[in-house]
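Colleague: What follows is a structure written as structure tokens; I'll ask about it next.
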Amino acid sequence: MSVAASAAAAAVGAGAVALFRLNRLPSSPSTSYRSCLLLKGLRAFAPFPYRYHFASYSTSSLLSQEAAAVASQLPRSHANTSSNVVEILEQRGLLESLTSDGLRSVCSSSAPNQPPLRVYCGFDPTADSLHLGNLLGIIVLSWFLRCGHRAVALIGGATGRVGDPSGKSSERPELDLETLHKNISGISATIRHILSRAAPTPDSVSILNNYEWWKDVRLLDFLKDVGRYARVGTMMSKESVRKRLESDQGMSYTEFTYQILQGYDFVHLFRQEGVSVQIGGSDQWGNITAGTDLIRRILRVEGAAYGLTFPLLLKSDGTKFGKSEDGAIWLSPSKFTPYNFYQYFFSVPDDDVVRFLKMLTFLSLEEIAQLERDMDTPGYVPNTAQRRLAEEVTRFVHGQEGLDEALKATEALRPGAATKLDAKTIEGIREDVPSCSLPYDQVLSLSLLDLSVSSGLLESKSAARRLLKQGGLYLNNSRVDSEAKKIEANDIIDGKVILLSAGKKNKMVVRVS
């Protein structure tokens with residue numbers, strides 16, 4: 001650092017301590033002040049040429065012993081502050097790589113005066129809902145919250161216009177502004193809905209949009225202030241770039257710049273928001289290390305910014321977990337109902353269920369181990385572990401209300417169930433099973449065999465008769481044994497719907513109008 005810069009730092013040092021003392025009484029017991037946030041206030045005092053140099057100072061070099069003591073006494077806002085989140089993630093199969101083992105140290109309970117970390121995960125608004133592939137990022141953020149840290153969800157309102165080439169064989173299609181805004185709104189709502197339940201206090205979670213700082217950045221200024229610190233050789237050596245350059249599609253300059261754009265997001269969040277940890281899937285390693293490298297080069301900070309990656313969610317056969325025959329497993333209930341979400345996890349193979357219990361739930365490892373042992377016992381009820389998995393993940397994503405809805409719909413669709421059906425429950429599952437509409441006067445007094453055919457449940461009356469004799473034809477979950485059965489007024493639930501079942505899996509909702 002130059003003599004002039006050192007003088008500038010010394011000149012504002014007293015002002016920084018004064019600023020800290022003014023804010024030493026938090027607005028609520030859960031509020032914490034990290035050194036990086038102090039540096040943000042410090043930069044407000046500093047002239048433009050010197051503001052980046054303050055990041056190279058440690059807290060102790062800027063603050064008096066009194067101020068540092070106050071900072072160390074501000075509590076974390078969660079009961080599990082003694083837990084090392086890195087070790088937890090490692091035990092549960094949620095840790096792929098760390099940029100530095102220093103992150104273990106700052107998360108260690110042996111450093112009780114360490115203030116809570118601010119950790120961020122980025123989400124590109126490529127759709128109006130997140131999907132199952134994004135769930136691990138939210139879960140890892142939740143583990144940081146449970147261990148007393150702060151979570152930042154960053155929506156890529158700016159970088160989403162460029163498109164992340166990681167794991168892609170071709171360039172993403174460009175989104176129009178209306179679609180982009182819709183996607184940002186939908187994703188923000190999903191994240192807020194999930195993380196607000198996991199957050200110990202409202203100020204533990206922030207949702208930011210990187211367009212807020214990118215919209216004012218000018219190209220020449222960016223090239224001068226940031227571009228000069230990005231090494232082209234390093235950028236080209238990233239796996240995501242190298243694979244695309246070797247492909248027939250190649251890579252546009254726009255996509256090539258993505259890693260430096262995401263890297264600068266980390267610089268901005270580190271400098272302005274006190275964020276020192278970025279997390280992401282294993283395919284984000286290159287983008288994350290681009291950020292830690294820029295922080296080191298631009299802000300001249302060593303060992304203060306960390307990156308952590310978690311493995312992608314894969315099935316035991318190595319294929320991606322998160323796709324169904326009909327497309328993505330969405331986290332938004334308007335795109336994928338809690339019932340369907342629950343059923344998806346209820347149906348995972350035995351080979352996957354224990355691993356997913358560790359990765360996707362917050363059950364203790366002891367309880368999961370017991371479920372695994374139970375699976376090998378003679379009296380084990382099939383799908384018990386899957387049921388627990390489905391309950392825990394559905395509750396995490398959709399809340400207790402969503403889980404109750406899923407369980408009620410599951411029971412409603414079970415032939416022979418004793419649960420009393422109502423029109424609201426049936427309407428709630430109408431999107432999950434085939435349905436048709438028939439006039440009331442056409443349905444009333446119609447034989448069940450004829451209704452099974454006219455509704456499309458079965459192909460022919462003979463097939464319906466054969467299934468009835470086998471005990472597999474159900475009307476509103478009640479098995480029908482008589483070929484003479486005709487639809488009566490009290491068979492039409494609330495005068496609106498009828499649920500037909502052919503065996504356990506084939507259903508038909510008949511809407512009566």
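The way I read the labels, and the way they are meant: chains A, B, ... in the order of the structure tokens, residue 1 as the first residue of every chain, and ligand 1 as the first ligand shown, with later ones counted on from there.
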Just list as number ranges by chain whatever in range 228-300 of chain A DSSP marks as helix (DSSP H, G or I).
Modeller: A: 228-229, 232-237, 239-246, 253-256, 258-273, 282-298
Colleague: Include N, CA and C atoms and write out the residues we just selected as a compact mmCIF listing (two decimals), in the first residue's frame.
Modeller:
# COMPACT_ATOMS: atom_id res chain seq x y z
N ARG A 228 -8.86 -5.93 -15.99
CA ARG A 228 -7.41 -6.04 -15.99
C ARG A 228 -6.90 -7.09 -15.00
N TYR A 229 -7.74 -7.47 -14.04
CA TYR A 229 -7.32 -8.45 -13.04
C TYR A 229 -7.69 -9.88 -13.42
N VAL A 232 -6.78 -14.32 -18.76
CA VAL A 232 -7.44 -15.05 -19.84
C VAL A 232 -7.05 -16.52 -19.82
N GLY A 233 -5.78 -16.80 -19.54
CA GLY A 233 -5.34 -18.19 -19.48
C GLY A 233 -6.09 -18.99 -18.44
N THR A 234 -6.28 -18.38 -17.29
CA THR A 234 -7.03 -19.04 -16.22
C THR A 234 -8.47 -19.26 -16.63
N MET A 235 -9.07 -18.25 -17.26
CA MET A 235 -10.46 -18.36 -17.68
C MET A 235 -10.64 -19.46 -18.72
N MET A 236 -9.71 -19.59 -19.63
CA MET A 236 -9.81 -20.61 -20.68
C MET A 236 -9.56 -22.01 -20.15
N SER A 237 -8.88 -22.10 -19.02
CA SER A 237 -8.58 -23.43 -18.48
C SER A 237 -9.74 -24.02 -17.70
N GLU A 239 -13.04 -25.87 -16.83
CA GLU A 239 -13.59 -27.05 -17.52
C GLU A 239 -14.79 -26.69 -18.38
N SER A 240 -15.69 -25.84 -17.85
CA SER A 240 -16.89 -25.48 -18.60
C SER A 240 -16.54 -24.75 -19.89
N VAL A 241 -15.49 -23.93 -19.85
CA VAL A 241 -15.06 -23.20 -21.04
C VAL A 241 -14.34 -24.13 -22.00
N ARG A 242 -13.45 -24.93 -21.47
CA ARG A 242 -12.66 -25.83 -22.31
C ARG A 242 -13.54 -26.79 -23.10
N LYS A 243 -14.55 -27.35 -22.46
CA LYS A 243 -15.43 -28.30 -23.15
C LYS A 243 -16.20 -27.62 -24.28
N ARG A 244 -16.63 -26.40 -24.03
CA ARG A 244 -17.38 -25.69 -25.06
C ARG A 244 -16.48 -25.28 -26.22
N LEU A 245 -15.27 -24.89 -25.92
CA LEU A 245 -14.35 -24.49 -26.98
C LEU A 245 -13.99 -25.67 -27.88
N GLU A 246 -14.00 -26.87 -27.30
CA GLU A 246 -13.67 -28.07 -28.07
C GLU A 246 -14.87 -28.62 -28.83
N TYR A 253 -18.39 -14.80 -27.11
CA TYR A 253 -17.69 -13.92 -26.16
C TYR A 253 -18.60 -13.60 -24.98
N THR A 254 -19.90 -13.48 -25.24
CA THR A 254 -20.85 -13.18 -24.18
C THR A 254 -20.80 -14.25 -23.09
N GLU A 255 -20.86 -15.51 -23.49
CA GLU A 255 -20.80 -16.59 -22.51
C GLU A 255 -19.43 -16.67 -21.84
N PHE A 256 -18.39 -16.37 -22.60
CA PHE A 256 -17.03 -16.43 -22.06
C PHE A 256 -16.88 -15.47 -20.89
N TYR A 258 -19.08 -14.78 -18.69
CA TYR A 258 -19.97 -15.09 -17.56
C TYR A 258 -19.20 -15.28 -16.27
N GLN A 259 -18.09 -16.01 -16.32
CA GLN A 259 -17.39 -16.31 -15.08
C GLN A 259 -16.83 -15.06 -14.42
N ILE A 260 -16.43 -14.08 -15.21
CA ILE A 260 -15.92 -12.85 -14.61
C ILE A 260 -17.07 -12.00 -14.06
N LEU A 261 -18.25 -12.10 -14.69
CA LEU A 261 -19.42 -11.40 -14.17
C LEU A 261 -19.83 -11.99 -12.82
N GLN A 262 -19.91 -13.30 -12.76
CA GLN A 262 -20.25 -13.94 -11.48
C GLN A 262 -19.15 -13.70 -10.46
N GLY A 263 -17.90 -13.72 -10.94
CA GLY A 263 -16.79 -13.44 -10.03
C GLY A 263 -16.90 -12.06 -9.42
N TYR A 264 -17.29 -11.08 -10.23
CA TYR A 264 -17.42 -9.73 -9.69
C TYR A 264 -18.61 -9.61 -8.73
N ASP A 265 -19.66 -10.43 -8.93
CA ASP A 265 -20.74 -10.45 -7.95
C ASP A 265 -20.19 -10.74 -6.56
N PHE A 266 -19.25 -11.71 -6.47
CA PHE A 266 -18.65 -12.05 -5.19
C PHE A 266 -17.86 -10.86 -4.65
N VAL A 267 -17.12 -10.17 -5.52
CA VAL A 267 -16.38 -8.98 -5.10
C VAL A 267 -17.34 -7.95 -4.51
N HIS A 268 -18.43 -7.69 -5.23
CA HIS A 268 -19.39 -6.69 -4.78
C HIS A 268 -20.01 -7.09 -3.44
N LEU A 269 -20.45 -8.34 -3.31
CA LEU A 269 -21.08 -8.80 -2.08
C LEU A 269 -20.09 -8.81 -0.92
N PHE A 270 -18.85 -9.17 -1.19
CA PHE A 270 -17.82 -9.16 -0.16
C PHE A 270 -17.59 -7.74 0.34
N ARG A 271 -17.53 -6.80 -0.60
CA ARG A 271 -17.18 -5.43 -0.27
C ARG A 271 -18.36 -4.65 0.31
N GLN A 272 -19.54 -4.86 -0.24
CA GLN A 272 -20.70 -4.05 0.15
C GLN A 272 -21.61 -4.71 1.16
N GLU A 273 -21.63 -6.04 1.21
CA GLU A 273 -22.58 -6.74 2.07
C GLU A 273 -21.92 -7.62 3.13
N SER A 282 -21.14 -28.50 -7.86
CA SER A 282 -19.78 -28.80 -8.31
C SER A 282 -19.47 -28.20 -9.67
N ASP A 283 -20.52 -27.98 -10.50
CA ASP A 283 -20.29 -27.39 -11.81
C ASP A 283 -20.01 -25.89 -11.72
N GLN A 284 -20.12 -25.31 -10.52
CA GLN A 284 -19.87 -23.88 -10.32
C GLN A 284 -18.46 -23.59 -9.81
N TRP A 285 -17.63 -24.60 -9.71
CA TRP A 285 -16.29 -24.42 -9.13
C TRP A 285 -15.50 -23.33 -9.86
N GLY A 286 -15.52 -23.35 -11.18
CA GLY A 286 -14.77 -22.35 -11.93
C GLY A 286 -15.27 -20.94 -11.69
N ASN A 287 -16.59 -20.77 -11.63
CA ASN A 287 -17.15 -19.44 -11.38
C ASN A 287 -16.84 -18.96 -9.97
N ILE A 288 -16.87 -19.89 -9.00
CA ILE A 288 -16.60 -19.51 -7.61
C ILE A 288 -15.15 -19.11 -7.43
N THR A 289 -14.23 -19.90 -7.98
CA THR A 289 -12.82 -19.55 -7.84
C THR A 289 -12.47 -18.28 -8.61
N ALA A 290 -13.23 -17.98 -9.66
CA ALA A 290 -13.03 -16.69 -10.34
C ALA A 290 -13.31 -15.55 -9.38
N GLY A 291 -14.33 -15.72 -8.52
CA GLY A 291 -14.67 -14.69 -7.53
C GLY A 291 -13.62 -14.55 -6.45
N THR A 292 -13.17 -15.67 -5.87
CA THR A 292 -12.15 -15.58 -4.82
C THR A 292 -10.86 -15.00 -5.37
N ASP A 293 -10.54 -15.32 -6.64
CA ASP A 293 -9.32 -14.78 -7.25
C ASP A 293 -9.43 -13.27 -7.45
N LEU A 294 -10.61 -12.80 -7.90
CA LEU A 294 -10.79 -11.36 -8.09
C LEU A 294 -10.75 -10.61 -6.76
N ILE A 295 -11.31 -11.20 -5.71
CA ILE A 295 -11.24 -10.56 -4.39
C ILE A 295 -9.80 -10.41 -3.96
N ARG A 296 -9.02 -11.45 -4.19
CA ARG A 296 -7.60 -11.40 -3.82
C ARG A 296 -6.85 -10.35 -4.62
N ARG A 297 -7.14 -10.26 -5.92
CA ARG A 297 -6.39 -9.34 -6.78
C ARG A 297 -6.87 -7.89 -6.65
N ILE A 298 -8.17 -7.69 -6.66
CA ILE A 298 -8.71 -6.32 -6.66
C ILE A 298 -8.64 -5.71 -5.27
Colleague: Show which residues sit within 7 Å of Val85 in chain A, as a list in words. Count only C-alpha atoms, and ignore same-chain residues fewer than 3 positions away.
Modeller: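 Non-adjacent residues within range: Ile88, Leu89, Cys107, Trp143, Phe144 and Cys147 of chain A.
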Colleague: Just write the chosen residues, all heavy atoms, as a CSV table (one decimal), in the first residue's frame.
Modeller:
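Saved to result_31.csv:
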chain,number,residue,atom,x,y,z
A,88,ILE,N,-20.7,-30.8,9.3
A,88,ILE,CA,-22.0,-31.3,9.1
A,88,ILE,C,-22.3,-31.6,7.6
A,88,ILE,O,-22.8,-32.7,7.3
A,88,ILE,CB,-23.1,-30.3,9.6
A,88,ILE,CG1,-23.1,-30.2,11.1
A,88,ILE,CG2,-24.5,-30.7,9.1
A,88,ILE,CD1,-24.0,-29.1,11.7
A,89,LEU,N,-21.9,-30.7,6.7
A,89,LEU,CA,-22.1,-30.9,5.3
A,89,LEU,C,-21.3,-32.1,4.8
A,89,LEU,O,-21.8,-32.9,4.0
A,89,LEU,CB,-21.7,-29.7,4.5
A,89,LEU,CG,-22.6,-28.4,4.8
A,89,LEU,CD1,-22.0,-27.2,4.0
A,89,LEU,CD2,-24.0,-28.6,4.5
A,107,CYS,N,-15.5,-21.7,11.0
A,107,CYS,CA,-16.7,-22.2,11.4
A,107,CYS,C,-16.6,-23.1,12.7
A,107,CYS,O,-17.6,-23.6,13.2
A,107,CYS,CB,-17.3,-23.1,10.3
A,107,CYS,SG,-17.8,-22.2,8.8
A,143,TRP,N,-28.5,-25.1,6.2
A,143,TRP,CA,-27.6,-25.6,7.2
A,143,TRP,C,-26.7,-24.5,7.8
A,143,TRP,O,-26.5,-24.5,9.0
A,143,TRP,CB,-26.7,-26.7,6.6
A,143,TRP,CG,-27.3,-28.1,6.7
A,143,TRP,CD1,-27.7,-28.8,5.6
A,143,TRP,CD2,-27.7,-28.8,7.9
A,143,TRP,NE1,-28.2,-30.0,6.1
A,143,TRP,CE2,-28.2,-30.0,7.4
A,143,TRP,CE3,-27.6,-28.5,9.2
A,143,TRP,CZ2,-28.7,-31.0,8.3
A,143,TRP,CZ3,-28.0,-29.5,10.1
A,143,TRP,CH2,-28.6,-30.7,9.7
A,144,PHE,N,-26.3,-23.5,7.0
A,144,PHE,CA,-25.6,-22.4,7.5
A,144,PHE,C,-26.5,-21.6,8.5
A,144,PHE,O,-26.0,-21.2,9.5
A,144,PHE,CB,-25.1,-21.5,6.4
A,144,PHE,CG,-23.8,-21.9,5.8
A,144,PHE,CD1,-23.7,-22.7,4.7
A,144,PHE,CD2,-22.6,-21.5,6.3
A,144,PHE,CE1,-22.5,-23.1,4.2
A,144,PHE,CE2,-21.4,-21.8,5.8
A,144,PHE,CZ,-21.3,-22.7,4.7
A,147,CYS,N,-26.7,-23.2,11.8
A,147,CYS,CA,-25.4,-23.1,12.6
A,147,CYS,C,-25.1,-21.6,13.0
A,147,CYS,O,-24.0,-21.3,13.3
A,147,CYS,CB,-24.3,-23.7,11.8
A,147,CYS,SG,-24.5,-25.5,11.7
Colleague: I'd like the neighbourhood of Leu208 in chain A as a list in words, where a residue qualifies if any of its atoms comes within 12 Å (using only C-alpha atoms), though same-chain residues fewer than 3 positions away should be ignored.
Modeller: Tyr120, Cys121, Gly122, Phe123, Asp124, Ala151, Val152, Ala153, Leu154, Ile155, Gly156, Gly157, Ala158, Ile184, Ser185, Ile187, Ser188, Ile191, Arg192, Val205, Tyr211, Glu212, Trp213, Asp265, His268, Leu269 and Glu273 of chain A
Colleague: Expressed in Å to a single decimal, how great is the separation between CA of Pro439 in chain A and CA of Val453 in chain A?
Modeller: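 Computed distance, CA of Pro439 in chain A to CA of Val453 in chain A, equals 15.2 Å.
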Colleague: With only C-alpha atoms as the counted atoms, please give the residues lying no more than 10 Å from range 332-343 of chain A, apart from itself and same-chain residues fewer than 2 positions off, as a count of residues only.
Modeller: 44
Colleague: Could you work out how far CA of Ala412 in chain A lies from CA of Ser478 in chain A, giving the answer in Å with one decimal?
Modeller: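 Between these atoms lies a distance of 11.1 Å.
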Colleague: Could you check which of A:Phe356, A:Arg218, A:Leu180, A:Arg146 is closest to Thr201 in chain A, using only C-alpha atoms?
Modeller: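 Closest candidate: A:Arg146.
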Colleague: Excluding Pro434 in chain A and residues on its chain fewer than 6 positions from it, collect all residues at most 8 Å away from it, counting only C-alpha atoms, and give them as a list in words.
Modeller: Lys507, Met508 and Val509 of chain A
Colleague: Quick one, how far is CA of Ile139 in chain A from CA of Asp203 in chain A?
Modeller: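 So the two atoms, CA of Ile139 in chain A and CA of Asp203 in chain A, lie 18.1 Å apart.
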Colleague: Would you please extract all strand (DSSP E or B) residues from range 149-247 of chain A, as assigned by DSSP on the backbone, and give them as number ranges by chain?
Modeller: A: 150-155, 205-209
Colleague: For each of A:Ser482, A:Ser252, A:Asn183, A:Ser97, take the minimum atom-to-atom distance to Ser447 in chain A, counting only C-alpha atoms, then give the residue where this is smallest.
Modeller: A:Ser482
Colleague: In terms of the shortest atom-to-atom distance over only C-alpha atoms, which of A:Cys436, A:Leu500, A:Ala198, A:Leu444 is closest to Arg414 in chain A?
Modeller: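 The answer is A:Leu500, which sits nearest to Arg414 in chain A.
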